[in-house]
$ cat entry_18.cif   # mmCIF, N, CA and C atoms
data_model
#
loop_
_atom_site.label_atom_id
_atom_site.label_comp_id
_atom_site.auth_asym_id
_atom_site.auth_seq_id
_atom_site.Cartn_x
_atom_site.Cartn_y
_atom_site.Cartn_z
N MET A 1 1.28 4.78 -45.28
CA MET A 1 1.37 3.58 -44.48
C MET A 1 1.54 2.37 -45.41
N ALA A 2 2.48 1.51 -45.08
CA ALA A 2 2.75 0.33 -45.90
C ALA A 2 1.65 -0.71 -45.72
N LYS A 3 1.35 -1.36 -46.81
CA LYS A 3 0.34 -2.43 -46.77
C LYS A 3 1.01 -3.76 -46.46
N GLN A 4 0.23 -4.67 -45.91
CA GLN A 4 0.75 -6.00 -45.57
C GLN A 4 0.84 -6.85 -46.83
N ILE A 5 1.91 -7.62 -46.95
CA ILE A 5 2.12 -8.53 -48.08
C ILE A 5 1.59 -9.90 -47.69
N ILE A 6 0.71 -10.45 -48.53
CA ILE A 6 0.16 -11.79 -48.30
C ILE A 6 0.45 -12.62 -49.55
N TRP A 7 1.16 -13.72 -49.36
CA TRP A 7 1.53 -14.61 -50.46
C TRP A 7 0.45 -15.67 -50.67
N SER A 8 0.03 -15.85 -51.92
CA SER A 8 -0.86 -16.97 -52.24
C SER A 8 -0.04 -18.25 -52.21
N LEU A 9 -0.71 -19.38 -52.10
CA LEU A 9 -0.01 -20.66 -52.14
C LEU A 9 0.71 -20.84 -53.47
N GLN A 10 0.09 -20.41 -54.56
CA GLN A 10 0.70 -20.51 -55.89
C GLN A 10 1.98 -19.69 -55.96
N ALA A 11 1.96 -18.47 -55.46
CA ALA A 11 3.15 -17.62 -55.49
C ALA A 11 4.26 -18.20 -54.62
N GLN A 12 3.90 -18.75 -53.48
CA GLN A 12 4.90 -19.38 -52.61
C GLN A 12 5.57 -20.55 -53.33
N GLU A 13 4.76 -21.35 -54.01
CA GLU A 13 5.30 -22.50 -54.75
C GLU A 13 6.17 -22.03 -55.91
N ASP A 14 5.73 -20.99 -56.61
CA ASP A 14 6.53 -20.43 -57.71
C ASP A 14 7.90 -19.99 -57.20
N ARG A 15 7.91 -19.25 -56.11
CA ARG A 15 9.17 -18.76 -55.53
C ARG A 15 10.07 -19.92 -55.13
N LYS A 16 9.49 -20.92 -54.49
CA LYS A 16 10.27 -22.09 -54.06
C LYS A 16 10.89 -22.80 -55.26
N GLN A 17 10.12 -22.99 -56.32
CA GLN A 17 10.63 -23.66 -57.52
C GLN A 17 11.73 -22.86 -58.20
N ILE A 18 11.56 -21.55 -58.27
CA ILE A 18 12.56 -20.68 -58.90
C ILE A 18 13.87 -20.75 -58.12
N LEU A 19 13.79 -20.60 -56.82
CA LEU A 19 15.01 -20.62 -56.01
C LEU A 19 15.67 -22.00 -56.02
N SER A 20 14.88 -23.03 -56.01
CA SER A 20 15.41 -24.39 -56.08
C SER A 20 16.11 -24.63 -57.42
N TYR A 21 15.50 -24.14 -58.49
CA TYR A 21 16.11 -24.28 -59.82
C TYR A 21 17.51 -23.66 -59.82
N TRP A 22 17.64 -22.44 -59.29
CA TRP A 22 18.94 -21.77 -59.31
C TRP A 22 19.94 -22.44 -58.36
N ASN A 23 19.46 -22.97 -57.26
CA ASN A 23 20.35 -23.73 -56.37
C ASN A 23 20.94 -24.93 -57.09
N ASN A 24 20.08 -25.67 -57.80
CA ASN A 24 20.53 -26.86 -58.52
C ASN A 24 21.40 -26.51 -59.72
N ARG A 25 21.01 -25.50 -60.46
CA ARG A 25 21.75 -25.13 -61.67
C ARG A 25 23.15 -24.65 -61.33
N ASN A 26 23.27 -23.82 -60.29
CA ASN A 26 24.56 -23.23 -59.94
C ASN A 26 25.34 -24.03 -58.90
N GLN A 27 24.71 -25.06 -58.35
CA GLN A 27 25.33 -25.85 -57.27
C GLN A 27 25.81 -24.93 -56.14
N SER A 28 25.00 -23.88 -55.91
CA SER A 28 25.31 -22.91 -54.86
C SER A 28 24.02 -22.16 -54.53
N THR A 29 23.96 -21.63 -53.32
CA THR A 29 22.79 -20.86 -52.93
C THR A 29 23.01 -19.35 -53.08
N THR A 30 24.17 -18.94 -53.53
CA THR A 30 24.50 -17.52 -53.59
C THR A 30 23.53 -16.73 -54.45
N TYR A 31 23.31 -17.17 -55.69
CA TYR A 31 22.42 -16.42 -56.58
C TYR A 31 20.97 -16.47 -56.09
N SER A 32 20.52 -17.62 -55.63
CA SER A 32 19.13 -17.71 -55.18
C SER A 32 18.89 -16.84 -53.95
N LYS A 33 19.89 -16.69 -53.09
CA LYS A 33 19.74 -15.79 -51.94
C LYS A 33 19.62 -14.35 -52.40
N LYS A 34 20.42 -13.98 -53.40
CA LYS A 34 20.33 -12.62 -53.95
C LYS A 34 18.98 -12.38 -54.60
N LEU A 35 18.51 -13.37 -55.34
CA LEU A 35 17.21 -13.25 -56.01
C LEU A 35 16.08 -13.16 -54.98
N HIS A 36 16.16 -13.96 -53.94
CA HIS A 36 15.16 -13.91 -52.86
C HIS A 36 15.13 -12.52 -52.24
N GLN A 37 16.30 -11.94 -52.03
CA GLN A 37 16.38 -10.59 -51.45
C GLN A 37 15.78 -9.56 -52.43
N LEU A 38 15.99 -9.75 -53.72
CA LEU A 38 15.40 -8.84 -54.71
C LEU A 38 13.88 -8.91 -54.67
N PHE A 39 13.33 -10.12 -54.53
CA PHE A 39 11.87 -10.26 -54.39
C PHE A 39 11.38 -9.51 -53.15
N LYS A 40 12.08 -9.70 -52.03
CA LYS A 40 11.68 -9.04 -50.78
C LYS A 40 11.75 -7.52 -50.91
N ASP A 41 12.82 -7.02 -51.51
CA ASP A 41 12.99 -5.57 -51.67
C ASP A 41 11.91 -5.00 -52.58
N ALA A 42 11.62 -5.69 -53.66
CA ALA A 42 10.59 -5.21 -54.60
C ALA A 42 9.23 -5.17 -53.93
N LEU A 43 8.91 -6.19 -53.16
CA LEU A 43 7.61 -6.23 -52.50
C LEU A 43 7.52 -5.22 -51.35
N LYS A 44 8.62 -4.92 -50.74
CA LYS A 44 8.63 -3.87 -49.72
C LYS A 44 8.29 -2.53 -50.38
N LEU A 45 8.88 -2.30 -51.54
CA LEU A 45 8.58 -1.08 -52.29
C LEU A 45 7.12 -1.05 -52.73
N VAL A 46 6.62 -2.18 -53.21
CA VAL A 46 5.22 -2.29 -53.62
C VAL A 46 4.29 -2.04 -52.43
N SER A 47 4.66 -2.53 -51.25
CA SER A 47 3.80 -2.33 -50.07
C SER A 47 3.69 -0.85 -49.71
N GLN A 48 4.73 -0.10 -50.01
CA GLN A 48 4.71 1.34 -49.72
C GLN A 48 4.09 2.15 -50.86
N PHE A 49 4.30 1.69 -52.08
CA PHE A 49 3.80 2.39 -53.27
C PHE A 49 3.12 1.38 -54.20
N PRO A 50 1.91 0.96 -53.89
CA PRO A 50 1.24 -0.11 -54.64
C PRO A 50 1.04 0.17 -56.14
N GLN A 51 0.99 1.43 -56.51
CA GLN A 51 0.75 1.77 -57.90
C GLN A 51 2.03 1.71 -58.75
N ILE A 52 3.14 1.32 -58.15
CA ILE A 52 4.42 1.30 -58.86
C ILE A 52 4.47 0.25 -59.96
N GLY A 53 3.70 -0.82 -59.80
CA GLY A 53 3.71 -1.90 -60.79
C GLY A 53 2.95 -1.51 -62.06
N ARG A 54 3.26 -2.23 -63.11
CA ARG A 54 2.60 -2.00 -64.39
C ARG A 54 1.16 -2.52 -64.32
N GLN A 55 0.23 -1.71 -64.77
CA GLN A 55 -1.19 -2.07 -64.73
C GLN A 55 -1.50 -3.16 -65.75
N THR A 56 -2.43 -4.05 -65.39
CA THR A 56 -2.90 -5.08 -66.31
C THR A 56 -4.32 -4.74 -66.74
N ASP A 57 -4.91 -5.62 -67.54
CA ASP A 57 -6.29 -5.42 -67.98
C ASP A 57 -7.29 -5.70 -66.86
N ILE A 58 -6.83 -6.30 -65.78
CA ILE A 58 -7.71 -6.64 -64.65
C ILE A 58 -7.57 -5.57 -63.59
N ASP A 59 -8.69 -5.07 -63.10
CA ASP A 59 -8.68 -4.04 -62.06
C ASP A 59 -7.91 -4.50 -60.84
N ASN A 60 -7.09 -3.60 -60.31
CA ASN A 60 -6.31 -3.80 -59.08
C ASN A 60 -5.21 -4.85 -59.19
N VAL A 61 -4.99 -5.42 -60.37
CA VAL A 61 -3.90 -6.39 -60.56
C VAL A 61 -2.78 -5.70 -61.33
N ARG A 62 -1.59 -5.79 -60.77
CA ARG A 62 -0.42 -5.14 -61.35
C ARG A 62 0.75 -6.12 -61.43
N ILE A 63 1.78 -5.72 -62.15
CA ILE A 63 2.97 -6.55 -62.32
C ILE A 63 4.20 -5.73 -61.96
N LYS A 64 5.05 -6.30 -61.12
CA LYS A 64 6.33 -5.68 -60.79
C LYS A 64 7.43 -6.57 -61.35
N LEU A 65 8.32 -5.99 -62.13
CA LEU A 65 9.42 -6.72 -62.74
C LEU A 65 10.57 -6.82 -61.75
N VAL A 66 11.05 -8.06 -61.55
CA VAL A 66 12.21 -8.33 -60.70
C VAL A 66 13.13 -9.22 -61.52
N LYS A 67 14.23 -8.64 -61.98
CA LYS A 67 15.14 -9.34 -62.91
C LYS A 67 14.33 -9.82 -64.11
N ASP A 68 14.30 -11.13 -64.36
CA ASP A 68 13.53 -11.68 -65.48
C ASP A 68 12.16 -12.18 -65.06
N TYR A 69 11.75 -11.88 -63.84
CA TYR A 69 10.51 -12.43 -63.29
C TYR A 69 9.43 -11.36 -63.14
N LEU A 70 8.21 -11.77 -63.40
CA LEU A 70 7.06 -10.89 -63.25
C LEU A 70 6.34 -11.29 -61.96
N VAL A 71 6.28 -10.38 -61.01
CA VAL A 71 5.57 -10.62 -59.77
C VAL A 71 4.18 -10.01 -59.95
N VAL A 72 3.18 -10.87 -59.98
CA VAL A 72 1.80 -10.45 -60.21
C VAL A 72 1.14 -10.28 -58.85
N TYR A 73 0.58 -9.10 -58.63
CA TYR A 73 -0.04 -8.85 -57.34
C TYR A 73 -1.34 -8.07 -57.50
N GLU A 74 -2.14 -8.16 -56.45
CA GLU A 74 -3.42 -7.46 -56.41
C GLU A 74 -3.44 -6.67 -55.12
N GLU A 75 -4.02 -5.49 -55.18
CA GLU A 75 -4.09 -4.68 -53.97
C GLU A 75 -5.53 -4.40 -53.58
N ASP A 76 -5.73 -4.28 -52.28
CA ASP A 76 -6.99 -3.76 -51.77
C ASP A 76 -6.62 -2.65 -50.79
N LYS A 77 -7.53 -2.24 -49.95
CA LYS A 77 -7.29 -1.09 -49.07
C LYS A 77 -6.17 -1.30 -48.06
N THR A 78 -5.98 -2.53 -47.62
CA THR A 78 -5.00 -2.77 -46.55
C THR A 78 -3.91 -3.79 -46.90
N ASN A 79 -4.08 -4.56 -47.98
CA ASN A 79 -3.15 -5.65 -48.27
C ASN A 79 -2.68 -5.65 -49.72
N ILE A 80 -1.54 -6.29 -49.91
CA ILE A 80 -1.03 -6.63 -51.23
C ILE A 80 -1.02 -8.15 -51.28
N TYR A 81 -1.70 -8.73 -52.27
CA TYR A 81 -1.76 -10.17 -52.43
C TYR A 81 -0.86 -10.57 -53.60
N VAL A 82 0.21 -11.31 -53.31
CA VAL A 82 1.09 -11.79 -54.36
C VAL A 82 0.42 -13.02 -54.94
N LEU A 83 0.06 -12.95 -56.23
CA LEU A 83 -0.71 -14.01 -56.87
C LEU A 83 0.15 -15.04 -57.59
N LYS A 84 1.24 -14.58 -58.21
CA LYS A 84 2.02 -15.46 -59.08
C LYS A 84 3.38 -14.83 -59.32
N ILE A 85 4.38 -15.66 -59.51
CA ILE A 85 5.67 -15.21 -60.02
C ILE A 85 5.92 -15.96 -61.31
N TRP A 86 6.13 -15.23 -62.38
CA TRP A 86 6.24 -15.82 -63.71
C TRP A 86 7.59 -15.45 -64.31
N ASP A 87 8.28 -16.43 -64.87
CA ASP A 87 9.53 -16.18 -65.57
C ASP A 87 9.19 -15.50 -66.89
N GLY A 88 9.64 -14.27 -67.05
CA GLY A 88 9.32 -13.48 -68.24
C GLY A 88 9.90 -14.03 -69.53
N ARG A 89 10.78 -15.01 -69.43
CA ARG A 89 11.37 -15.61 -70.63
C ARG A 89 10.53 -16.75 -71.18
N ARG A 90 9.48 -17.11 -70.44
CA ARG A 90 8.60 -18.19 -70.88
C ARG A 90 7.61 -17.67 -71.91
N ASN A 91 6.85 -18.58 -72.48
CA ASN A 91 5.88 -18.25 -73.52
C ASN A 91 4.86 -17.22 -73.00
N PRO A 92 4.81 -16.03 -73.61
CA PRO A 92 3.90 -14.99 -73.12
C PRO A 92 2.41 -15.35 -73.31
N GLU A 93 2.13 -16.21 -74.27
CA GLU A 93 0.73 -16.60 -74.47
C GLU A 93 0.20 -17.38 -73.27
N LYS A 94 1.05 -18.19 -72.66
CA LYS A 94 0.62 -18.94 -71.47
C LYS A 94 0.42 -18.00 -70.30
N PHE A 95 1.23 -16.95 -70.23
CA PHE A 95 1.05 -15.97 -69.17
C PHE A 95 -0.29 -15.26 -69.32
N ASN A 96 -0.64 -14.91 -70.54
CA ASN A 96 -1.92 -14.23 -70.78
C ASN A 96 -3.09 -15.11 -70.40
N GLU A 97 -2.94 -16.43 -70.52
CA GLU A 97 -4.01 -17.35 -70.12
C GLU A 97 -4.23 -17.31 -68.61
N LEU A 98 -3.17 -17.03 -67.85
CA LEU A 98 -3.28 -16.97 -66.40
C LEU A 98 -4.10 -15.77 -65.94
N LEU A 99 -3.96 -14.69 -66.69
CA LEU A 99 -4.68 -13.48 -66.33
C LEU A 99 -6.05 -13.56 -66.94
#
$ encode --input "entry_18.cif" --output "structure tokens"
Amino acid sequence: MAKQIIWSLQAQEDRKQILSYWNNRNQSTTYSKKLHQLFKDALKLVSQFPQIGRQTDIDNVRIKLVKDYLVVYEEDKTNIYVLKIWDGRRNPEKFNELL
């Protein structure tokens, strides 16, 4: 049975900023729409197979790679909580501070 996906406010803001960046950079919504669909597809897969993401040092927190982005999520018995979306090209030390 698939688990419900629940977005944190931080993850929603991250997604909005990422898609807005690509809209502005490319002067088109084509790439951002494709990227948005990749996020949706990845999370649909995670909802069905929560253990698919790479394990972190924190219990129940995993990372799913989507293109250059790290989707950080936590699972419990019935839900998947999307905590953060991080651009994997950014400073990894700052990412480690988040976890």
$ residues_around --input "entry_18.cif" --residues "A:Leu83" --least-positions-apart "2" --cutoff "9 Å" --atoms "only C-alpha atoms" --output "number ranges by chain"
A: 6-12, 71-74, 81, 85
$ residues_around --input "entry_18.cif" --residues "A:Gln37" --least-positions-apart "4" --cutoff "12 Å" --atoms "only C-alpha atoms" --output "MDAnalysis selection string"
chainID A and resid 15 19 30:33 41:44 66:67
$ resolve_selection --input "entry_18.cif" --expression "the PyMOL selection byres ((chain A and resi 62) around 6.5)" --output "ChimeraX atom specification"
/A:53-56,59-61,63-64,71-75
$ axis_aligned_box --input "entry_18.cif" --around "stretch 28-38 of chain A" --padding-each-side "6 Å" --output "AutoDock Vina command-line options"
--center_x 19.6 --center_y -16.4 --center_z -54.0 --size_x 23.4 --size_y 27.0 --size_z 17.1
$ select_by_dssp --input "entry_18.cif" --residues "chain A" --states "helix (DSSP H, G or I)" --output "number ranges by chain"
A: 9-26, 30-48, 50-52, 92-98
$ atom_distance --input "entry_18.cif" --atom1 "atom C of A:Gln4" --atom2 "atom N of A:Gln17"
20.9 Å
$ resolve_selection --input "entry_18.cif" --expression "the PyMOL selection byres ((chain A and resi 86) around 5)" --output "ChimeraX atom specification"
/A:69-70,84-85,87-88
$ closest_residue --input "entry_18.cif" --among "A:Asp57, A:Lys77, A:Phe39, A:Ser47" --to "A:Ile5" --atoms "all atoms listed in the file"
A:Ser47
$ atom_distance --input "entry_18.cif" --atom1 "atom CA of A:Ile58" --atom2 "atom CA of A:Lys3"
20.1 Å
$ select_by_dssp --input "entry_18.cif" --residues "chain A" --states "strand (DSSP E or B)" --output "list in words"
Gln4, Ile5, Ile6, Trp7, Arg54, Gln55, Val61, Arg62, Ile63, Lys64, Leu65, Val66, Tyr69, Leu70, Val71, Val72, Tyr73, Glu74, Glu75, Asn79, Ile80, Tyr81, Val82, Leu83, Lys84, Ile85, Trp86 and Asp87 of chain A
$ atom_distance --input "entry_18.cif" --atom1 "atom C of A:Asn79" --atom2 "atom C of A:Leu38"
17.6 Å
$ closest_residue --input "entry_18.cif" --among "A:Ile52, A:Leu45, A:Ala2, A:Gln27" --to "A:Leu65" --atoms "all atoms listed in the file"
A:Ile52
$ closest_residue --input "entry_18.cif" --among "A:Phe49, A:Val82, A:Lys34, A:Arg89" --to "A:Glu13" --atoms "only C-alpha atoms"
A:Val82
$ decode --input "entry_18.cif" --residues "stretch 46-78 of chain A" --atoms "N, CA and C atoms" --output "short mmCIF file (atom, residue, chain, number, x, y, z; two decimals), in the first residue's frame"
data_model
loop_
_atom_site.label_atom_id
_atom_site.label_comp_id
_atom_site.auth_asym_id
_atom_site.auth_seq_id
_atom_site.Cartn_x
_atom_site.Cartn_y
_atom_site.Cartn_z
N VAL A 46 8.74 6.55 -4.18
CA VAL A 46 9.08 6.52 -2.75
C VAL A 46 7.86 6.15 -1.92
N SER A 47 6.68 6.63 -2.30
CA SER A 47 5.47 6.31 -1.53
C SER A 47 5.17 4.81 -1.59
N GLN A 48 5.53 4.18 -2.68
CA GLN A 48 5.30 2.74 -2.83
C GLN A 48 6.44 1.91 -2.23
N PHE A 49 7.65 2.43 -2.33
CA PHE A 49 8.84 1.72 -1.85
C PHE A 49 9.70 2.67 -1.02
N PRO A 50 9.32 2.96 0.21
CA PRO A 50 10.00 3.98 1.02
C PRO A 50 11.49 3.72 1.27
N GLN A 51 11.90 2.48 1.21
CA GLN A 51 13.30 2.16 1.48
C GLN A 51 14.20 2.38 0.27
N ILE A 52 13.64 2.87 -0.83
CA ILE A 52 14.41 3.04 -2.06
C ILE A 52 15.47 4.13 -1.95
N GLY A 53 15.24 5.10 -1.08
CA GLY A 53 16.19 6.21 -0.93
C GLY A 53 17.43 5.79 -0.15
N ARG A 54 18.47 6.57 -0.34
CA ARG A 54 19.72 6.31 0.37
C ARG A 54 19.56 6.67 1.84
N GLN A 55 20.00 5.79 2.71
CA GLN A 55 19.87 5.99 4.15
C GLN A 55 20.84 7.07 4.62
N THR A 56 20.40 7.85 5.63
CA THR A 56 21.27 8.86 6.25
C THR A 56 21.63 8.39 7.64
N ASP A 57 22.37 9.22 8.36
CA ASP A 57 22.75 8.89 9.73
C ASP A 57 21.58 9.03 10.70
N ILE A 58 20.50 9.64 10.25
CA ILE A 58 19.32 9.85 11.10
C ILE A 58 18.30 8.77 10.79
N ASP A 59 17.78 8.14 11.83
CA ASP A 59 16.79 7.08 11.67
C ASP A 59 15.59 7.58 10.88
N ASN A 60 15.13 6.76 9.95
CA ASN A 60 13.93 7.00 9.13
C ASN A 60 14.06 8.16 8.16
N VAL A 61 15.23 8.79 8.05
CA VAL A 61 15.43 9.87 7.08
C VAL A 61 16.27 9.33 5.93
N ARG A 62 15.76 9.52 4.74
CA ARG A 62 16.43 9.01 3.53
C ARG A 62 16.52 10.12 2.48
N ILE A 63 17.31 9.85 1.45
CA ILE A 63 17.51 10.80 0.36
C ILE A 63 17.24 10.11 -0.96
N LYS A 64 16.42 10.73 -1.80
CA LYS A 64 16.16 10.25 -3.15
C LYS A 64 16.75 11.25 -4.12
N LEU A 65 17.59 10.80 -5.02
CA LEU A 65 18.22 11.66 -6.01
C LEU A 65 17.29 11.85 -7.19
N VAL A 66 17.06 13.12 -7.55
CA VAL A 66 16.26 13.49 -8.72
C VAL A 66 17.08 14.50 -9.50
N LYS A 67 17.62 14.05 -10.63
CA LYS A 67 18.56 14.87 -11.41
C LYS A 67 19.71 15.30 -10.50
N ASP A 68 19.91 16.60 -10.32
CA ASP A 68 20.97 17.11 -9.44
C ASP A 68 20.46 17.44 -8.05
N TYR A 69 19.24 17.07 -7.73
CA TYR A 69 18.62 17.47 -6.47
C TYR A 69 18.45 16.29 -5.52
N LEU A 70 18.64 16.57 -4.25
CA LEU A 70 18.47 15.57 -3.21
C LEU A 70 17.13 15.86 -2.51
N VAL A 71 16.22 14.91 -2.60
CA VAL A 71 14.93 15.04 -1.93
C VAL A 71 15.06 14.29 -0.61
N VAL A 72 15.02 15.05 0.47
CA VAL A 72 15.20 14.49 1.81
C VAL A 72 13.81 14.21 2.38
N TYR A 73 13.61 12.97 2.81
CA TYR A 73 12.30 12.62 3.34
C TYR A 73 12.43 11.71 4.55
N GLU A 74 11.35 11.69 5.30
CA GLU A 74 11.27 10.86 6.50
C GLU A 74 10.01 10.02 6.38
N GLU A 75 10.09 8.79 6.83
CA GLU A 75 8.91 7.94 6.76
C GLU A 75 8.46 7.50 8.14
N ASP A 76 7.16 7.32 8.25
CA ASP A 76 6.61 6.65 9.43
C ASP A 76 5.68 5.55 8.90
N LYS A 77 4.82 5.03 9.72
CA LYS A 77 4.00 3.87 9.32
C LYS A 77 3.03 4.17 8.18
N THR A 78 2.55 5.41 8.09
CA THR A 78 1.53 5.71 7.09
C THR A 78 1.89 6.84 6.12
#
